[in-house]
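Following: one structure in structure tokens, then a few remarks.
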Amino acid sequence: MNSAVFIGFAGLGLAVVLHIIFTAMTLGTGLLAALYRWRAYRENDAWAELFARRVFKVLIVSELFSGVWGTIITVFLAGFFTAVTTLATDALFIPIAIAIASIMIRIPTIAISWYTWGKINPRTHSLVMWIMALSGFGVPFGFRAIFAEINNPTAVGYYLQTGQNPGWMPYANPLFWTLYLHTIAAVVSVGGFVAASLTALENDVRGVKAGLTLGFGFLTAQLVLGPLYWYSLDQYSPLLFNAVNTTYGPLFGVKLVAVAALVVLGYMALKSARTGAIHPATKWLAPLALFVVVAGEILNDGTRYPNLVLVGNKGLPATLFANFYMDIPMPAVYVILAFLILSLVVFTTAAFYALYRRFIAEVPETE
Amino acid sequence: MPNPNPLLPLSALGIYFHAIYIALTFGLPVAIGVMLWKYWKTGDKDFYKAARLMTAVLAVNFALGAINGTLVEFGLVQIWPGVNLAIATFAFTPLALELIAFANEIAFLILFIVTLGRVRPPVSLAILALYAVFAYFSGVLITAVNSWMQAPWGVGPVAQVLYPFMPEYGPNAVDVPKLVAVKLAAVATGQPISLIVEKPGVAQEVGIVLKDPMVAFYSPYALVSIFHNIIAAILIGLAVATAGWALRYFKTGDQKYLKIVKPLAGVFAVIFVIQAPIVAHFMGEAVVDYNPTKFALMEGAEKTFNDPIIALVAYGDPNKPIVGFDQFEKACLSHGDKTVGDLIKAVGLPNTLTLQSAGIPVDFSKIASVKLADLCLQDLQKAKAYMPMIHAAYYTKVAFAIIGGLAAAVLFFYFYRVPGLSTLATAIARVFGDERRRVFILALLLVLGTVIPAVAGWYVREVGRKPWTVYGLLYPSELVTPVPYSTSPGFLAFAYLVILAVNIGGLFAMYLVATREYKFLELLKKGAGVRQ
């Protein structure tokens with residue numbers, strides 16, 4: 001693997017991990033915000049309105065930046081791995097179209113939800129919030145089909161063998177459904193823990209309880225869905241399964257320990273919240289849940305190295321799909337990576353001031 | 001070849017919506033900056049409130065711009081996957097650098113929104129300026145890519161080989177036989193390029209096609225397009241902001257809104273003076289030099305003719321004729337009896353090309369007997385079909401730009417006293433009625449004088465390069481997706497529905513954000529313990 005291909009692989013990995021961190025935070029918090037916004041409207045519950053707005057701040061701060069990393073993934077793929085991108089767009093047309101349509105609905109409805117809050121009637125606003133929350137789940141419904149195909153190319157295999165477009169066939173890939181359900185449970189769970197940690201900073205016991213109920217509930221579901229995905233890898237992507245259990249075994253072990261810690265601490269925190277107290281561990285649940293997500297994504301993607309696509313027991317190396325049409329200017333790539341780090345620093349500063357220093361007020365300035 | 005025609009309007013719709021938001025993304029920071037500057041210098045809260053409201057509009061607008069940008073980007077790779085070859089070569093460096101611009105533009109915008117009103121105005125101004133720098137840098141890079149499709153810099157004389165009336169596009173930075181082979185493979189197989197590019201191992205087998213990854217940046221066409229497009233977008237954004245505040249003044253008669261309109265109109269007029277007579281002139285010259293068919297379409301030059309005014313503007317020489325399609329046809333006929341086979345021999349390609357990794361044998365003998373003159377003439381006929389629309393669009397653009405310029409001048413001298421000129425401006429403005437009405441109508445003319453030229457100008461730029469997507473090199477049918485149902489009524493209906501619903505809904509939401517007062521905050525205030 002030459003240096004350009006390696007940098008492409010590593011850069012893609014970095015972008016995927018950062019994108020996943022942000023999306024994991026926003027999909028679940030979006031659902032929680034929509035749920036409590038609706039409850040506020042239905043039950044005229046002032047606390048629920050404040051809680052929904054407070055949780056929603058996570059989205060307003062991070063969704064666009066999350067989208068940046070999605071764009072970075074696309075450019076890295078198209079620029080460094082031209083063949084795989086072209087193959088995916090030709091063979092997986094429907095999943096990609098679903099993801100794009102979902103993105104198109106999701107991002108504007110986030111901005112619209114925030115800036116029309118209090119300006120349009122609560123019923124319409126609740127509806128917009130639901131559209132915002134549910135459209136988010138369409139994005140992984142599209143993109144996780146690509147991940148499933150990279151690990152177990154059924155639709156793409158059919159396309160390459162017959163020249164016929166596989167249509168909806170990516171959704172008949174058995175790996176897709178276990179991966180998608182595993183992902184959804186993870187992001188909803190993380191969203192709950194993020195909401196709990198955030199509201200713990202505000203000493204909002206009811207908010208902590210609401211976040212933990214969602215977070216811990218979906219974490220419990222993961223106790224079934226995680227092993228199910230692991231088992232499906234054994235069945236349909238043996239090379240990846242072996243890498244997870246051998247070369248990446250230590251990381252897999254650490255992930256399992258982190259999940260166990262999350263289960264124990266989450267349970268203790270939820271128990272405290274039910275008695276009206278905030279457990280000191282609550283504020284650490286969000287970072288711990290995000291660590292589990294990062295570890296899981298590295299296991300899902302990094303384990304393919306040096307391959308980009310796995311077909312049963314055979315790996316197709318990244319070089320087969322790489323861009324050899326020109327010598328990639330590596331100094332430019334390093335400059336880009338440096339500036340991306342700058343953007344991370346600026347974003348982190350903004351997020352710190354918005355969420356921790358509470359520069360974004362729950363109640364909009366009217367004067 | 002698949003028929004790309006049903007997909008062209010879909011792409012155009014996405015690009016036009018994207019353009020709306022880009023204009024506001026580029027223009028609103030200037031308007032917000034002016035307000036913050038005035039607030040800093042005068043301490044007048046009205047300027048701060050105006051900046052805050054425009055920031056809210058900018059935020060919703062940015063979200064809409066970002067998703068339409070995503071749509072356009074995915075449109076490129078999904079609907080036009082042949083473009084991936086360009087992304088892997090000529091467009092690689094601009095698009096890779098665009099990541100810097102996009103990531104930092106968003107990061108600084110979020111920082112600006114979060115800190116506005118919490119830090120001193122000069123700090124806010126500095127953050128806003130950094131956001132604007134990265135936003136404009138993004139515009140520079142995307143325009144560079146678009147300009148490469150208008151004038152494919154770095155392919156030297158390649159386009160000229162088939163179209164003798166075309167110029168050379170800069171230095172020859174490509175491996176000519178490989179580039180010609182890819183083009184002829186698409187012609188010979190009747191399949192889009194993506195079906196070759198997608199095969200694992202093809203890139204390794206083909207090897208280096210482009211020798212200079214930076215070549216797209218050296219294009220004079222790109223340089224002038226960058227200034228032209230970015231300034232046009234800033235003007236549109238400023239015009240919309242000016243008209244918005246003028247509308248409030250018109251509705252309420254409140255002097256505080258007039259106070260906001262005045263500096264915005266002043267900045268608009270100054271920027272317009274740079275754009276219309278200077279940058280637009282150089283843009284026109286670039287079209288003359290590098291897009292001969294487009295210029296002929298703009299001027300309706302089916303036959304070569306003399307017009308000293310147009311010639312003076314276009315060439316700087318009133319005696320030079322406006323070259324029409326008759327001259328281009330003559331140039332095509334200069335190929336004589338030369339065939340594609342002769343071209344294949346000249347660049348040293350075999351009669352049958354086999355890409356092992358793709359398992360595709362490409363038999364060039366099927367097209368070897370086709371005459372180059374016939375290919376050249378066919379493309380001219382296709383281009384000529386666009387003449388009535390391009391000609392009309394171009395002169396509509398010019399007419400409305402003049403209206404916009406006059407409105408800007410009248411509004412400027414109406415607000416800023418210059419002996420003689422202000423008297424004239426006031427006399428003209430009075431034609432429109434009382435002050436509220438005249439300020440609003442003039443501001444509205446700024447919008448018409450920027451938006452219509454931009455819409456028509458972009459149409460001329462994009463449609464004027466047809467029948468090629470990459471001027472002189474590649475057709476839409478060679479770049480389009482091979483997926484059959486991409487042109488099915490079901491998919492097209494779905495795509496149009498999503499694009500229209502999201503954008504119309506989004507624009508309506510921006511209007512609500514800009515115009516509605518807070519009416520439903522009681523519950524939130526109660527929850528937060530804020531006194532009513």
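Ordering of the structure tokens sets the chain letters (A, B, ...); residue numbers start at 1 within each chain; ligands are numbered from 1 in the order shown.
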
Practice item. Name the residues of segment 371-445 of chain B that come out as helix (DSSP H, G or I) in a backbone DSSP run; write them as a PyMOL selection string. Key: chain B and resi 372-384+387-415+421-430+435-445

Check your understanding: What's the 12 Å shell around Ala501 of chain B, counting only C-alpha atoms, without same-chain residues fewer than 3 positions away, as a list in words?
Key ->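 Selected residues are Ala101, Met104, Ile105, Pro108 and Thr109 of chain A; Phe17, Leu64, Ala493, Phe494, Ala495, Tyr496, Leu497, Val498, Ile504, Gly505, Gly506, Leu507, Phe508 and Ala509 of chain B.
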
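Across the structure, atom CA of Leu421 of chain B and atom CA of Thr242 of chain B are spaced 21.7 Å apart.
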
Check your understanding: From the list A:Ile120, A:Val5, A:Leu285, A:Leu59, which residue is nearest chain B when using only C-alpha atoms?
Key ->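 Between A:Ile120, A:Val5, A:Leu285, A:Leu59, the residue approaching chain B most closely is A:Ile120.
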
Exercise for review: Could you please tell me, as a PyMOL selection string, which residues of chain B have an atom within 6 Å of chain A when using only C-alpha atoms?
Suggested key: chain B and resi 60+63-64+67+78+81+87-88+92+100+103-104+107+111+114+197-198+200-201+203-204+207-210+518-521+523-524+526-527

Review point. Could you name the residues that touch Ala51 of chain B at 9 Å or less, counting only C-alpha atoms, but leaving out those on the same chain fewer than 5 positions away, as a list in words?
Key: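 My list of contacting residues is Ala31, Ile32, Gly33, Val34, Met35, Leu36, Asp46 and Ala56 of chain B.
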
Would you save the residues from that selection as a CSV table (one decimal), in the first residue's frame, using C-alpha atoms?
chain,number,residue,atom,x,y,z
B,31,ALA,CA,-24.7,43.2,5.7
B,32,ILE,CA,-24.3,41.8,9.2
B,33,GLY,CA,-20.7,43.1,9.3
B,34,VAL,CA,-21.9,46.6,8.4
B,35,MET,CA,-24.6,46.5,11.1
B,36,LEU,CA,-22.1,45.3,13.8
B,46,ASP,CA,-31.1,48.9,16.5
B,56,ALA,CA,-30.9,33.9,12.4

Point to revise | Residue neighbourhood segment 467-481 of chain B, 9 Å, only C-alpha atoms, exclusion window fewer than 2 positions, as a ChimeraX atom specification | key: /A:89-90 /B:1-5,7-8,77-84,148-152,158-160,162-163,166,183,186-187,190-195,291,379-380,382-383,462-465,483-484,486

Review point. When you draw a straight line from atom CA of Thr199 of chain A to atom CA of Val57 of chain B, how long is it in Å?
Key: 28.6 Å

Review point. By how many Å are atom CA of Thr450 of chain B and atom CA of Met510 of chain B apart?
Key: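 So the answer is 19.9 Å.
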
Practice item. Would you list the contacts of Leu116 of chain B as a list in words, taking every protein, DNA or RNA residue within 8 Å and counting only C-alpha atoms, but skipping same-chain residues closer than 4 positions in sequence? Key: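 Non-adjacent residues within range: Arg52, Phe112 and Ser124 of chain B.
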
Point to revise | Per-residue DSSP, segment 110-356 of chain B, filtered to strand (DSSP E), as an MDAnalysis selection string | key: chainID B and resid 155:156 169:172 352:355

Check your understanding: Which is closer to Gly154 of chain B than all the others in B:Phe413, B:Tyr169, B:Tyr315, B:Phe217, using only C-alpha atoms?
Key ->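 Using only C-alpha atoms, Gly154 of chain B sits closest to B:Tyr169.
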
Practice item. Within 9 Å of Gly266 of chain B, counting only C-alpha atoms, which residues show up once you throw out same-chain ones fewer than 5 positions away? Write them as a ChimeraX atom specification, please. Key: /B:261,271,408,411-413,415-416

Point to revise | Close residues, segment 180-195 of chain A itself excluded, 7 Å, only C-alpha atoms, min 2 positions apart in chain, as an MDAnalysis selection string | key: chainID A and resid 24:29 55 141 144 176:178 197:199 211:212 214:216 218:219 221:222 225:226 229 285:286 289:290

Exercise for review: Measuring atom to atom with only C-alpha atoms, identify which of B:Ala280, B:Ala135, B:Ile142, B:Ala12 is nearest to Phe108 of chain B.
Suggested key: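 Ranking B:Ala280, B:Ala135, B:Ile142, B:Ala12 by distance to Phe108 of chain B, first place goes to B:Ala135.
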
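The smallest atom-to-atom distance between Asn151 of chain A and any of A:Leu240, A:Met330, A:Val16, A:Ala200, using only C-alpha atoms, is found for A:Leu240.
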
Review point. Looking at B:Leu375, B:Ile234, B:Ala286, B:Ala276, which one is nearest to Asp337 of chain B, with distances taken over only C-alpha atoms?
Key: B:Leu375
